[in-house]
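Single-structure report; data block below.
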Amino acid sequence: MPITATRLIAAAALGALGLVILAGASHAQGVADFYRGKTIDLDIGYSVGGGYDLYARLIARRMGGHIPGNPTIVPKNMEGAGSLRLANYLYAAAPSDGTVIGATSRGAAFDPLLGETGARFDASKFSWIGSANNEVSVCVVSASSGFTKFDDLYEKPLTIGSTGAADDTYQFPALVNAVLGTKFKIVTGYPGGNDVSLALERGEVQGRCGWSWSSIKTTRFNWVRDKRIIVLVQMSLSKHPDLPNVPLIMDLAKTDEQRQIFKMIFARQTMGRPYLAPPGVPADRLAALRQGFMDTVTDKEFLTEAEANKFEINPVKGEDLQALVQEVYQTPPEVVKKAAAAVR
């Protein structure tokens with residue numbers, strides 16, 4: 001090829017690259033111009049002082065500095081119906097311009113599939129920003145219970161405590177009973193998770209299921225250290241790094257249908273501390289919110305503060321949440337029906 005032609009092609013390539021760079025700079029500047037001087041409401045679906053509230057406020061203190069234009073993020077509480085009030089608001093009434101985001105429960109996204117009449121939204125249409133933690137729940141037994149491994153649950157009943165039928169402490173073991181034929185005997189009526197732990201300590205029950213490993217490490221790690229409890233199984237889509245030798249519930253499924261049912265219910269674990277915005281947020285602003293979130297939860301100062309407050313941070317990208325929710329919403333109707341019946 002003649003040298004002149006080569007130079008012309010090179011010049012054209014450089015020109016195209018310049019246009020791409022300019023477009024990227026214009027894109028970033030447009031987001032910065034929008035957010036400069038503005039506030040972003042971070043609505044929290046629970047009351048002040050709980051885990052969802054504390055995580056959200058920690059994020060709100062730093063996330064604005066990682067978004068172009070440095071908006072101020074203002075946390076507000078909108079409790080009600082286990083965060084469904086907030087989810088309904090985000091779906092149908094909140095501004096969709098990127099100035100409102102929310103912190104809902106990890107299970108709220110899938111409540112419409114499970115027949116929750118108060119859930120009036122399609123979670124696959126939300127603008128998912130990210131999750132601060134990929135939760136792993138476990139089932140534990142007291143060392144004196146006589147249970148040492150998961151397979152023991154097929155042979156004899158295990159009495160466990162629960163706060164009620166709407167909680168993971170009931171739904172997770174009830175699901176495993178229905179799908180795998182285990183023999184969890186669930187005692188409901190405890191006011192809260194700590195009350196279940198106290199009942200386990202007193203010997204009223206033999207175990208507790210649907211208990212976040214992060215919570216155990218924060219509140220009862222001496223039980224693990226002193227071998228007062230045994231972890232029988234992990235209830236999530238993937239194992240926790242701390243528990244490489246404890247079986248994962250997904251690996252215990254025997255058929256494709258069982259795996260689909262487990263994925264539908266335990267997908268909420270990946271969304272341990274989820275953040276989302278209304279449907280229809282402009283793509284450039286959603287990208288900025290997602291990147292700002294990930295920059296926040298990987299920031300050294302943020303992680304130092306989180307560790308000081310004993311918050312486990314194992315972030316999940318918004319794009320991954322979006323894909324997971326859309327996949328679960330495509331679960332065949334007959335599988336959805338069986339999963340919903342199993343946790344009732």
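All residue names refer to the structure tokens as shown: chains lettered A, B, ... in order, residues numbered from 1 in each chain, ligands numbered from 1 in order.
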Need the shell around A:Ala165: protein/DNA/RNA residues with any atom at most 10 Å away, counting only C-alpha atoms. Skip same-chain ones fewer than 2 positions apart. Format as a ChimeraX atom specification? /A:162-163,167-172,174,186,188-189,343-344
Please, which residues in stretch 19-103 of chain A fall within 10 Å of stretch 285-294 of chain A when counting only C-alpha atoms, and what is the closest atom pair and distance in Å to one decimal for each, ordered by chain then residue number, as CSV?
```
residue,atom,partner,partner_atom,distance
A:His27,CA,A:Arg285,CA,9.5
A:Ala28,CA,A:Ala288,CA,8.4
A:Gly30,CA,A:Arg285,CA,9.1
A:Val31,CA,A:Arg285,CA,6.1
A:Ala32,CA,A:Arg285,CA,9.3
A:Phe34,CA,A:Arg285,CA,8.8
A:Tyr35,CA,A:Arg285,CA,9.0
A:Ile59,CA,A:Phe293,CA,8.1
A:Ala60,CA,A:Phe293,CA,9.7
A:Arg62,CA,A:Phe293,CA,9.3
A:Met63,CA,A:Gly292,CA,6.1
A:Gly64,CA,A:Gly292,CA,7.6
A:Gly65,CA,A:Gly292,CA,8.0
A:His66,CA,A:Gly292,CA,4.7
A:Ile67,CA,A:Gly292,CA,5.0
A:Pro68,CA,A:Ala288,CA,7.2
A:Asn70,CA,A:Gly292,CA,10.0
A:Asp97,CA,A:Arg285,CA,8.0
A:Gly98,CA,A:Arg285,CA,6.3
A:Thr99,CA,A:Arg285,CA,9.4
A:Ile101,CA,A:Leu289,CA,9.3
```
Dump as a short mmCIF file (atom, residue, chain, number, x, y, z; two decimals), in the first residue's frame, selection limited to all heavy atoms:
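Wrote it out as selection_33.cif, contents follow:
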```
data_model
loop_
_atom_site.label_atom_id
_atom_site.label_comp_id
_atom_site.auth_asym_id
_atom_site.auth_seq_id
_atom_site.Cartn_x
_atom_site.Cartn_y
_atom_site.Cartn_z
N HIS A 27 -20.26 12.83 27.47
CA HIS A 27 -21.18 11.99 28.26
C HIS A 27 -20.98 12.23 29.76
O HIS A 27 -21.92 12.49 30.50
CB HIS A 27 -20.94 10.53 27.90
CG HIS A 27 -21.44 9.55 28.90
ND1 HIS A 27 -22.71 9.03 28.85
CD2 HIS A 27 -20.84 8.97 29.97
CE1 HIS A 27 -22.88 8.18 29.86
NE2 HIS A 27 -21.75 8.12 30.54
N ALA A 28 -19.70 12.17 30.19
CA ALA A 28 -19.40 12.37 31.61
C ALA A 28 -19.77 13.78 32.05
O ALA A 28 -20.30 13.98 33.15
CB ALA A 28 -17.92 12.10 31.87
N GLY A 30 -22.08 15.67 30.76
CA GLY A 30 -23.53 15.80 30.84
C GLY A 30 -24.08 15.29 32.15
O GLY A 30 -24.97 15.90 32.75
N VAL A 31 -23.56 14.17 32.64
CA VAL A 31 -23.98 13.63 33.93
C VAL A 31 -23.59 14.57 35.06
O VAL A 31 -24.37 14.85 35.96
CB VAL A 31 -23.38 12.22 34.15
CG1 VAL A 31 -23.68 11.73 35.57
CG2 VAL A 31 -23.93 11.24 33.13
N ALA A 32 -22.36 15.08 34.99
CA ALA A 32 -21.89 16.00 36.03
C ALA A 32 -22.74 17.26 36.07
O ALA A 32 -23.10 17.76 37.15
CB ALA A 32 -20.42 16.35 35.78
N PHE A 34 -25.82 17.53 35.21
CA PHE A 34 -27.14 17.21 35.77
C PHE A 34 -27.09 17.15 37.29
O PHE A 34 -27.97 17.68 37.98
CB PHE A 34 -27.66 15.89 35.21
CG PHE A 34 -28.94 15.45 35.84
CD1 PHE A 34 -30.16 16.01 35.47
CD2 PHE A 34 -28.95 14.49 36.85
CE1 PHE A 34 -31.34 15.63 36.08
CE2 PHE A 34 -30.13 14.09 37.46
CZ PHE A 34 -31.34 14.67 37.08
N TYR A 35 -26.08 16.47 37.83
CA TYR A 35 -26.05 16.22 39.28
C TYR A 35 -25.45 17.37 40.10
O TYR A 35 -25.67 17.42 41.31
CB TYR A 35 -25.27 14.93 39.57
CG TYR A 35 -26.10 13.69 39.38
CD1 TYR A 35 -25.73 12.72 38.46
CD2 TYR A 35 -27.26 13.47 40.13
CE1 TYR A 35 -26.49 11.56 38.28
CE2 TYR A 35 -28.02 12.33 39.96
CZ TYR A 35 -27.63 11.38 39.03
OH TYR A 35 -28.39 10.25 38.87
N ILE A 59 -23.37 4.19 53.33
CA ILE A 59 -23.15 4.41 51.90
C ILE A 59 -23.47 5.85 51.51
O ILE A 59 -22.74 6.48 50.74
CB ILE A 59 -23.98 3.41 51.08
CG1 ILE A 59 -23.35 2.00 51.21
CG2 ILE A 59 -24.08 3.82 49.61
CD1 ILE A 59 -24.20 0.89 50.67
N ALA A 60 -24.56 6.38 52.06
CA ALA A 60 -24.99 7.75 51.72
C ALA A 60 -23.93 8.78 52.08
O ALA A 60 -23.78 9.80 51.39
CB ALA A 60 -26.30 8.07 52.43
N ARG A 62 -20.82 8.66 51.70
CA ARG A 62 -19.65 8.69 50.82
C ARG A 62 -19.96 8.61 49.33
O ARG A 62 -19.15 9.01 48.50
CB ARG A 62 -18.70 7.55 51.19
CG ARG A 62 -18.16 7.67 52.61
CD ARG A 62 -17.10 6.63 52.91
NE ARG A 62 -16.63 6.73 54.27
CZ ARG A 62 -15.68 7.55 54.70
NH1 ARG A 62 -15.09 8.35 53.83
NH2 ARG A 62 -15.30 7.57 55.96
N MET A 63 -21.13 8.09 48.98
CA MET A 63 -21.38 7.80 47.58
C MET A 63 -21.43 9.05 46.70
O MET A 63 -21.01 9.03 45.54
CB MET A 63 -22.67 6.99 47.44
CG MET A 63 -22.96 6.53 46.01
SD MET A 63 -24.37 5.38 45.98
CE MET A 63 -24.80 5.45 44.24
N GLY A 64 -21.94 10.17 47.23
CA GLY A 64 -22.04 11.39 46.43
C GLY A 64 -20.70 11.84 45.89
O GLY A 64 -20.61 12.39 44.78
N GLY A 65 -19.64 11.59 46.64
CA GLY A 65 -18.31 11.99 46.19
C GLY A 65 -17.78 11.14 45.05
O GLY A 65 -16.76 11.48 44.45
N HIS A 66 -18.46 10.05 44.75
CA HIS A 66 -18.03 9.17 43.66
C HIS A 66 -18.94 9.27 42.44
O HIS A 66 -18.82 8.46 41.51
CB HIS A 66 -17.99 7.72 44.15
CG HIS A 66 -16.93 7.45 45.18
ND1 HIS A 66 -15.60 7.35 44.86
CD2 HIS A 66 -17.01 7.29 46.52
CE1 HIS A 66 -14.90 7.12 45.96
NE2 HIS A 66 -15.73 7.07 46.98
N ILE A 67 -19.85 10.23 42.44
CA ILE A 67 -20.75 10.45 41.30
C ILE A 67 -20.38 11.77 40.64
O ILE A 67 -20.16 12.77 41.34
CB ILE A 67 -22.23 10.50 41.78
CG1 ILE A 67 -22.64 9.15 42.38
CG2 ILE A 67 -23.17 10.86 40.62
CD1 ILE A 67 -24.01 9.16 43.03
N PRO A 68 -20.28 11.83 39.31
CA PRO A 68 -19.96 13.10 38.64
C PRO A 68 -20.91 14.21 39.09
O PRO A 68 -22.12 14.02 39.16
CB PRO A 68 -20.16 12.77 37.16
CG PRO A 68 -19.91 11.30 37.06
CD PRO A 68 -20.44 10.72 38.34
N ASN A 70 -20.89 15.41 42.06
CA ASN A 70 -20.88 15.32 43.53
C ASN A 70 -22.19 15.75 44.19
O ASN A 70 -22.21 16.67 45.03
CB ASN A 70 -19.73 16.14 44.11
CG ASN A 70 -18.38 15.72 43.56
OD1 ASN A 70 -17.60 16.55 43.11
ND2 ASN A 70 -18.11 14.43 43.55
N ASP A 97 -35.59 10.25 37.08
CA ASP A 97 -34.49 11.01 36.48
C ASP A 97 -33.14 10.75 37.13
O ASP A 97 -32.14 11.37 36.79
CB ASP A 97 -34.80 12.51 36.54
CG ASP A 97 -34.99 13.03 37.97
OD1 ASP A 97 -34.94 12.21 38.91
OD2 ASP A 97 -35.17 14.25 38.14
N GLY A 98 -33.09 9.81 38.11
CA GLY A 98 -31.84 9.52 38.77
C GLY A 98 -31.62 10.27 40.06
O GLY A 98 -30.53 10.24 40.63
N THR A 99 -32.67 10.94 40.56
CA THR A 99 -32.54 11.69 41.81
C THR A 99 -33.16 10.96 43.00
O THR A 99 -33.18 11.50 44.10
CB THR A 99 -33.19 13.08 41.70
OG1 THR A 99 -34.59 12.93 41.38
CG2 THR A 99 -32.51 13.92 40.63
N ILE A 101 -33.18 6.98 44.77
CA ILE A 101 -32.81 5.57 44.80
C ILE A 101 -33.36 4.98 46.10
O ILE A 101 -33.78 5.72 47.00
CB ILE A 101 -31.29 5.35 44.70
CG1 ILE A 101 -30.55 6.04 45.86
CG2 ILE A 101 -30.77 5.87 43.38
CD1 ILE A 101 -29.04 5.85 45.79
#
```
Which of stretch 19-217 of chain A DSSP labels alpha helix (DSSP H), written as a compact mmCIF listing (two decimals) with C-alpha atoms, in the first residue's frame:
```
# COMPACT_ATOMS: atom_id res chain seq x y z
CA LEU A 19 -14.44 11.44 18.33
CA VAL A 20 -14.91 8.50 20.73
CA ILE A 21 -12.87 10.27 23.42
CA LEU A 22 -14.79 13.49 22.93
CA ALA A 23 -18.11 11.62 23.09
CA GLY A 24 -17.04 9.97 26.34
CA ALA A 25 -15.99 13.30 27.83
CA SER A 26 -19.25 14.90 26.72
CA HIS A 27 -21.18 11.99 28.26
CA ALA A 28 -19.40 12.37 31.61
CA GLN A 29 -19.81 16.13 31.54
CA GLY A 30 -23.53 15.80 30.84
CA VAL A 31 -23.98 13.63 33.93
CA ALA A 32 -21.89 16.00 36.03
CA ASP A 33 -23.92 19.00 34.83
CA PHE A 34 -27.14 17.21 35.77
CA TYR A 35 -26.05 16.22 39.28
CA GLY A 51 -29.31 -3.28 59.46
CA TYR A 52 -30.73 -1.94 56.19
CA ASP A 53 -30.82 1.58 57.63
CA LEU A 54 -27.27 1.47 58.98
CA TYR A 55 -25.80 0.10 55.75
CA ALA A 56 -27.66 2.71 53.68
CA ARG A 57 -26.56 5.63 55.85
CA LEU A 58 -22.94 4.49 55.70
CA ILE A 59 -23.15 4.41 51.90
CA ALA A 60 -24.99 7.75 51.72
CA ARG A 61 -22.17 9.50 53.57
CA ARG A 62 -19.65 8.69 50.82
CA MET A 63 -21.38 7.80 47.58
CA LEU A 84 -42.88 -3.18 49.85
CA ARG A 85 -44.28 0.30 50.41
CA LEU A 86 -40.99 1.72 49.16
CA ALA A 87 -40.72 -0.73 46.25
CA ASN A 88 -44.23 0.20 45.08
CA TYR A 89 -43.36 3.90 45.33
CA LEU A 90 -40.16 3.50 43.34
CA TYR A 91 -42.00 1.56 40.65
CA ALA A 92 -45.03 3.79 40.17
CA ASP A 168 -36.12 -16.60 56.14
CA THR A 169 -35.94 -18.54 59.42
CA TYR A 170 -39.19 -20.25 58.35
CA GLN A 171 -39.18 -20.09 54.57
CA PHE A 172 -35.70 -21.52 54.01
CA PRO A 173 -36.10 -24.71 56.09
CA ALA A 174 -39.72 -25.13 54.92
CA LEU A 175 -38.49 -24.99 51.32
CA VAL A 176 -35.78 -27.59 51.95
CA ASN A 177 -38.33 -29.86 53.65
CA ALA A 178 -40.67 -29.62 50.67
CA VAL A 179 -38.00 -30.07 48.00
CA LEU A 180 -35.54 -32.52 49.55
CA GLY A 193 -33.70 -13.39 65.50
CA ASN A 194 -31.87 -12.70 68.74
CA ASP A 195 -34.69 -14.41 70.62
CA VAL A 196 -34.17 -17.51 68.47
CA SER A 197 -30.48 -17.44 69.34
CA LEU A 198 -31.29 -17.18 73.05
CA ALA A 199 -33.70 -20.11 72.71
CA LEU A 200 -30.92 -22.12 71.11
CA GLU A 201 -28.59 -21.17 73.94
CA ARG A 202 -31.19 -22.23 76.53
CA TRP A 213 -23.21 -15.92 58.34
CA SER A 214 -22.24 -12.24 58.59
CA SER A 215 -24.59 -11.88 61.57
CA ILE A 216 -23.09 -14.94 63.26
CA LYS A 217 -19.61 -13.47 62.85
```
Would you kindly return, as a count of residues only, each protein, DNA or RNA residue with an atom no farther than 8 Å from any atom of A:Val100, considering only C-alpha atoms and excluding same-chain residues fewer than 5 positions away? 8
From the set A:Ala306, A:Cys209, A:Leu324, A:Cys139, which residue has the shortest atom-to-atom contact distance to A:Leu232, counting only C-alpha atoms?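 Using only C-alpha atoms, A:Leu232 sits closest to A:Cys139.
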From the list A:Lys310, A:Gly50, A:Tyr154, A:Ser96, which residue is nearest A:Thr219 when using only C-alpha atoms?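 With only C-alpha atoms as the atom set, the closest residue is A:Lys310.
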Secondary structure check, strand (DSSP E or B) residues of stretch 70-285 of chain A, as a ChimeraX atom specification: /A:72-77,100-103,127-131,133,137-142,158-161,184-187,207-212,229-235,248,274-277
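What separates atom CA of A:Thr39 from atom CA of A:Pro75 is a distance of 10.3 Å.
For the set A:Leu243, A:Val316, A:Ala109, A:Leu252, the residue with the smallest atom-to-atom gap to A:Thr182 is A:Leu252, counting only C-alpha atoms.
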Of the residues A:Lys185, A:Lys300, A:His240, A:Arg268, which is the one nearest to A:Arg208, using only C-alpha atoms?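 Selected residue with least distance to A:Arg208: A:Lys185.
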When you count only C-alpha atoms, which of these residues is closest to A:Pro241: A:Thr298, A:Asn314, A:Lys263, A:Arg220?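 Among the listed residues, the smallest separation from A:Pro241 belongs to A:Asn314.
Between A:Thr331 and the candidates A:Pro282, A:Leu113, A:Trp223, A:Tyr275, the tightest atom-to-atom separation, counting only C-alpha atoms, involves A:Leu113.
As for atom CA of A:Arg273 and atom CA of A:Val233, they are spaced 21.6 Å apart.
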